[in-house]
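Asker: Okay, handing you the structure first.
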Amino acid sequence: MHRRKLIPLLAGVILLGLFTAAAICPRLFTAYGPKEAFSAWQAPGNGHLLGTNALGYDIFTEVVYGTADTLVIGLASSILTMLLGTVIGTLAAADGPVGGLFNGLINVFMLLPRLISLIVIAAFVGSGRIHLILLIAAFGWVGTARAVRAQVQHLHTQPFIEACTVQGFSRLHIAVHHIVPNLWELLLSRFLLGVNSCIMMESTLSFLGFGDLYHPTWGTMINFAYKRGAFLRQAYAYLLVPGLCIMLLSMAFYLISLWMDAGRETIREQ
């Protein structure tokens with residue numbers, strides 16, 4: 001039974017390790033440079049594992065070099081999302097007008113259609129890596145904030161928090177030294193799931209044409225393949241492989257978070 005619980009962790013770590021290695025050391029996986037051109041629309045084979053695209057770039061090389069950009073946006077967005085969710089969720093758990101204000105903010109963002117809002121705002125602010133990170137984080141913190149708010153409200157009922165209040169410690173001291181340290185398991189789980197969500201959101205926006213054209217991610221690759229006639233050229237690998245990589249990278253973070261959740265449930269049962 002214990003070994004079965006390790007299977008998701010091992011699968012997730014192996015997948016994540018492969019993608020991390022591709023992001024850090026792309027030359028281990030491909031001998032070509034990202035802008036090294038050959039004949040356009042070559043079929044898979046003859047030195048090109050997935051063929052070449054409309055500009056003559058090796059498709060497999062594009063996939064390898066796109067790993068770093070996809071990971072950077074996913075990780076940065078998830079970190080910023082986690083920070084926003086932690087701060088807002090902690091403040092929403094407070095009593096009085098401050099808690100009411102941030103609870104109202106959470107409720108407002110819950111009602112907003114996230115994808116449509118992101119598309120509309122991205123159309124005005126333009127494409128770019130920084131813009132994507134900020135936009136995804138600005139609309140992705142709600143789930144973390146709700147989870148943090150519930151956990152903080154639960155912690156406020158615990159005897160050690162009541163003892164700190166009786167002893168005269170300030171709310172800021174209690175929050176920094178006693179509340180936040182007890183949130184790390186929840187935040188780590190939310191971070192892993194957040195990376196998954198942020199990667200999917202970035203891929204969707206990039207496919208719709210709002211990605212960074214100078215640092216193409218896998219979503220941007222699918223957008224290029226669709227616009228440049230990969231279907232007509234029967235270059236199906238140009239369309240399918242980036243999508244498969246998005247799925248596998250998201251699955252890696254999901255499997256690791258699944259193992260963590262299983263571990264927490266085991267601890268609670270004991």
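To be explicit about the labels: the chains of the structure tokens are called A, B, and onward in the order shown, and within each one the residues are counted from 1, while ligands get numbers from 1 in the order they are shown.
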Excluding Ile133 in chain A and its own-chain neighbours fewer than 4 positions away, which residues fall within 10 Å of it when counting only C-alpha atoms? Please give them as a list in words.

Answerer: Val72, Ile73, Gly74, Leu75, Ala76, Ser77, Ser78, Ile79, Leu80, Thr81, Gly128, Arg129, Ala137, Ala138, Cys198 and Glu202 of chain A

Asker: Would you mind listing what lies within 12 Å of Val63 in chain A as number ranges by chain, with only C-alpha atoms counted and same-chain residues fewer than 6 positions away left out?

Answerer: A: 19, 22-23, 26, 29-30, 32-34, 49-53, 57, 69-70, 215-222, 237-246

Asker: Contacts of Gly85 in chain A at 10 Å or less, counting only C-alpha atoms, minus same-chain residues fewer than 3 places along, as a PyMOL selection string?

Answerer: chain A and resi 79-82+88-91+106+137-138+140-149+187+190

Asker: Among range 34-132 of chain A, which residues carry a DSSP assignment of alpha helix (DSSP H), reported as a PyMOL selection string?

Answerer: chain A and resi 59-92+96-111+114-125+129-132

Asker: Looking at A:Leu193, A:Val64, A:Ile59, A:Ala262, which one is nearest to Leu18 in chain A, with distances taken over only C-alpha atoms?

Answerer: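 Under the stated criterion, the closest residue is A:Val64.
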
Asker: Would you mind reading off the distance between CA of Met251 in chain A and CA of Thr67 in chain A, one decimal, in Å?

Answerer: 14.7 Å

Asker: Identify which of the residues A:Leu188, A:Ala175, A:Leu232, A:Ile14 lies closest to Val152 in chain A, counting only C-alpha atoms when measuring atom-to-atom distances.

Answerer: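 The shortest atom-to-atom distance to Val152 in chain A comes from A:Ala175.
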
Asker: Write out as a list of chain:residue names each polymer residue whose atoms come within 12 Å of range 160-162 of chain A, counting only C-alpha atoms; drop sequence neighbours fewer than 2 positions from it.

Answerer: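 The neighbour list is A:Val152, A:Gln153, A:His154, A:Leu155, A:His156, A:Thr157, A:Gln158, A:Cys164, A:Thr165, A:Val166, A:Gln167, A:Gly168, A:Phe169, A:Ser170, A:Arg171, A:His173, A:Ile174, A:Ala175, A:His177, A:His178, A:Ile179, A:Asn182.
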
Asker: Keeping only N, CA, C and O atoms, write those residues as an mmCIF file, in the first residue's frame.

Answerer:
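Ended up saving to selection-v5.cif:
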data_model
loop_
_atom_site.group_PDB
_atom_site.id
_atom_site.type_symbol
_atom_site.label_atom_id
_atom_site.label_comp_id
_atom_site.auth_asym_id
_atom_site.auth_seq_id
_atom_site.Cartn_x
_atom_site.Cartn_y
_atom_site.Cartn_z
ATOM 1 N N VAL A 152 -7.316 29.923 8.209
ATOM 2 C CA VAL A 152 -7.022 30.926 9.239
ATOM 3 C C VAL A 152 -8.174 31.025 10.242
ATOM 4 O O VAL A 152 -7.946 31.112 11.460
ATOM 5 N N GLN A 153 -9.398 30.981 9.755
ATOM 6 C CA GLN A 153 -10.550 31.003 10.667
ATOM 7 C C GLN A 153 -10.551 29.783 11.581
ATOM 8 O O GLN A 153 -10.906 29.881 12.761
ATOM 9 N N HIS A 154 -10.135 28.636 11.046
ATOM 10 C CA HIS A 154 -10.025 27.429 11.881
ATOM 11 C C HIS A 154 -8.933 27.594 12.934
ATOM 12 O O HIS A 154 -9.110 27.201 14.099
ATOM 13 N N LEU A 155 -7.794 28.162 12.519
ATOM 14 C CA LEU A 155 -6.684 28.342 13.458
ATOM 15 C C LEU A 155 -7.044 29.313 14.583
ATOM 16 O O LEU A 155 -6.578 29.161 15.716
ATOM 17 N N HIS A 156 -7.883 30.293 14.281
ATOM 18 C CA HIS A 156 -8.272 31.275 15.297
ATOM 19 C C HIS A 156 -9.057 30.621 16.439
ATOM 20 O O HIS A 156 -9.141 31.193 17.527
ATOM 21 N N THR A 157 -9.618 29.461 16.194
ATOM 22 C CA THR A 157 -10.384 28.778 17.242
ATOM 23 C C THR A 157 -9.514 27.842 18.077
ATOM 24 O O THR A 157 -10.008 27.244 19.039
ATOM 25 N N GLN A 158 -8.230 27.703 17.706
ATOM 26 C CA GLN A 158 -7.345 26.786 18.411
ATOM 27 C C GLN A 158 -6.858 27.393 19.733
ATOM 28 O O GLN A 158 -6.684 28.608 19.845
ATOM 29 N N CYS A 164 -2.272 33.138 22.973
ATOM 30 C CA CYS A 164 -1.487 34.292 22.516
ATOM 31 C C CYS A 164 -2.277 35.592 22.649
ATOM 32 O O CYS A 164 -1.736 36.637 23.028
ATOM 33 N N THR A 165 -3.574 35.517 22.359
ATOM 34 C CA THR A 165 -4.416 36.703 22.475
ATOM 35 C C THR A 165 -4.540 37.142 23.929
ATOM 36 O O THR A 165 -4.465 38.338 24.250
ATOM 37 N N VAL A 166 -4.720 36.177 24.825
ATOM 38 C CA VAL A 166 -4.843 36.493 26.246
ATOM 39 C C VAL A 166 -3.548 37.111 26.779
ATOM 40 O O VAL A 166 -3.570 38.031 27.614
ATOM 41 N N GLN A 167 -2.413 36.650 26.277
ATOM 42 C CA GLN A 167 -1.125 37.167 26.735
ATOM 43 C C GLN A 167 -0.804 38.547 26.176
ATOM 44 O O GLN A 167 0.210 39.142 26.545
ATOM 45 N N GLY A 168 -1.650 39.043 25.284
ATOM 46 C CA GLY A 168 -1.488 40.406 24.813
ATOM 47 C C GLY A 168 -0.681 40.585 23.545
ATOM 48 O O GLY A 168 -0.310 41.714 23.202
ATOM 49 N N PHE A 169 -0.413 39.494 22.825
ATOM 50 C CA PHE A 169 0.324 39.627 21.564
ATOM 51 C C PHE A 169 -0.552 40.327 20.524
ATOM 52 O O PHE A 169 -1.774 40.128 20.481
ATOM 53 N N SER A 170 0.071 41.140 19.685
ATOM 54 C CA SER A 170 -0.665 41.859 18.655
ATOM 55 C C SER A 170 -1.147 40.912 17.561
ATOM 56 O O SER A 170 -0.628 39.804 17.406
ATOM 57 N N ARG A 171 -2.128 41.371 16.793
ATOM 58 C CA ARG A 171 -2.633 40.548 15.689
ATOM 59 C C ARG A 171 -1.559 40.289 14.644
ATOM 60 O O ARG A 171 -1.501 39.204 14.058
ATOM 61 N N HIS A 173 1.688 40.092 15.167
ATOM 62 C CA HIS A 173 2.614 39.096 15.711
ATOM 63 C C HIS A 173 2.019 37.688 15.604
ATOM 64 O O HIS A 173 2.715 36.745 15.200
ATOM 65 N N ILE A 174 0.753 37.570 15.946
ATOM 66 C CA ILE A 174 0.093 36.260 15.877
ATOM 67 C C ILE A 174 0.040 35.761 14.434
ATOM 68 O O ILE A 174 0.293 34.582 14.156
ATOM 69 N N ALA A 175 -0.273 36.678 13.510
ATOM 70 C CA ALA A 175 -0.380 36.283 12.103
ATOM 71 C C ALA A 175 0.968 35.828 11.553
ATOM 72 O O ALA A 175 1.062 34.794 10.878
ATOM 73 N N HIS A 177 3.880 34.957 13.247
ATOM 74 C CA HIS A 177 4.617 33.917 13.968
ATOM 75 C C HIS A 177 3.815 32.645 14.246
ATOM 76 O O HIS A 177 4.409 31.603 14.562
ATOM 77 N N HIS A 178 2.487 32.712 14.126
ATOM 78 C CA HIS A 178 1.692 31.543 14.499
ATOM 79 C C HIS A 178 0.702 31.107 13.417
ATOM 80 O O HIS A 178 0.448 29.910 13.280
ATOM 81 N N ILE A 179 0.158 32.057 12.667
ATOM 82 C CA ILE A 179 -0.816 31.698 11.636
ATOM 83 C C ILE A 179 -0.115 31.237 10.362
ATOM 84 O O ILE A 179 -0.341 30.115 9.876
ATOM 85 N N ASN A 182 1.650 27.838 10.083
ATOM 86 C CA ASN A 182 0.736 26.695 10.054
ATOM 87 C C ASN A 182 -0.017 26.573 8.727
ATOM 88 O O ASN A 182 -0.910 25.735 8.603
#

Asker: How many Å separate CA of Gly126 in chain A from CA of Phe109 in chain A?

Answerer: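 The value is 22.0 Å.
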
Asker: Identify which of the residues A:Phe231, A:Phe253, A:Tyr226, A:Tyr65 lies closest to Met200 in chain A, counting only C-alpha atoms when measuring atom-to-atom distances.

Answerer: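 Looking only at the distances to Met200 in chain A, the closest residue turns out to be A:Phe253.
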
Asker: What's around Ala54 in chain A at 12 Å? Count only C-alpha atoms, leave out sequence neighbours fewer than 4 positions away in its own chain, and write the answer as a list of chain:residue names.

Answerer: A:Ala37, A:Phe38, A:Ser39, A:Ala40, A:Trp41, A:Gln42, A:Ala43, A:Asp58, A:Ile59, A:Met221, A:Phe224, A:Ala225, A:Tyr226, A:Lys227, A:Arg228, A:Gly229, A:Ala230, A:Phe231, A:Leu232, A:Arg233, A:Ala235, A:Tyr238
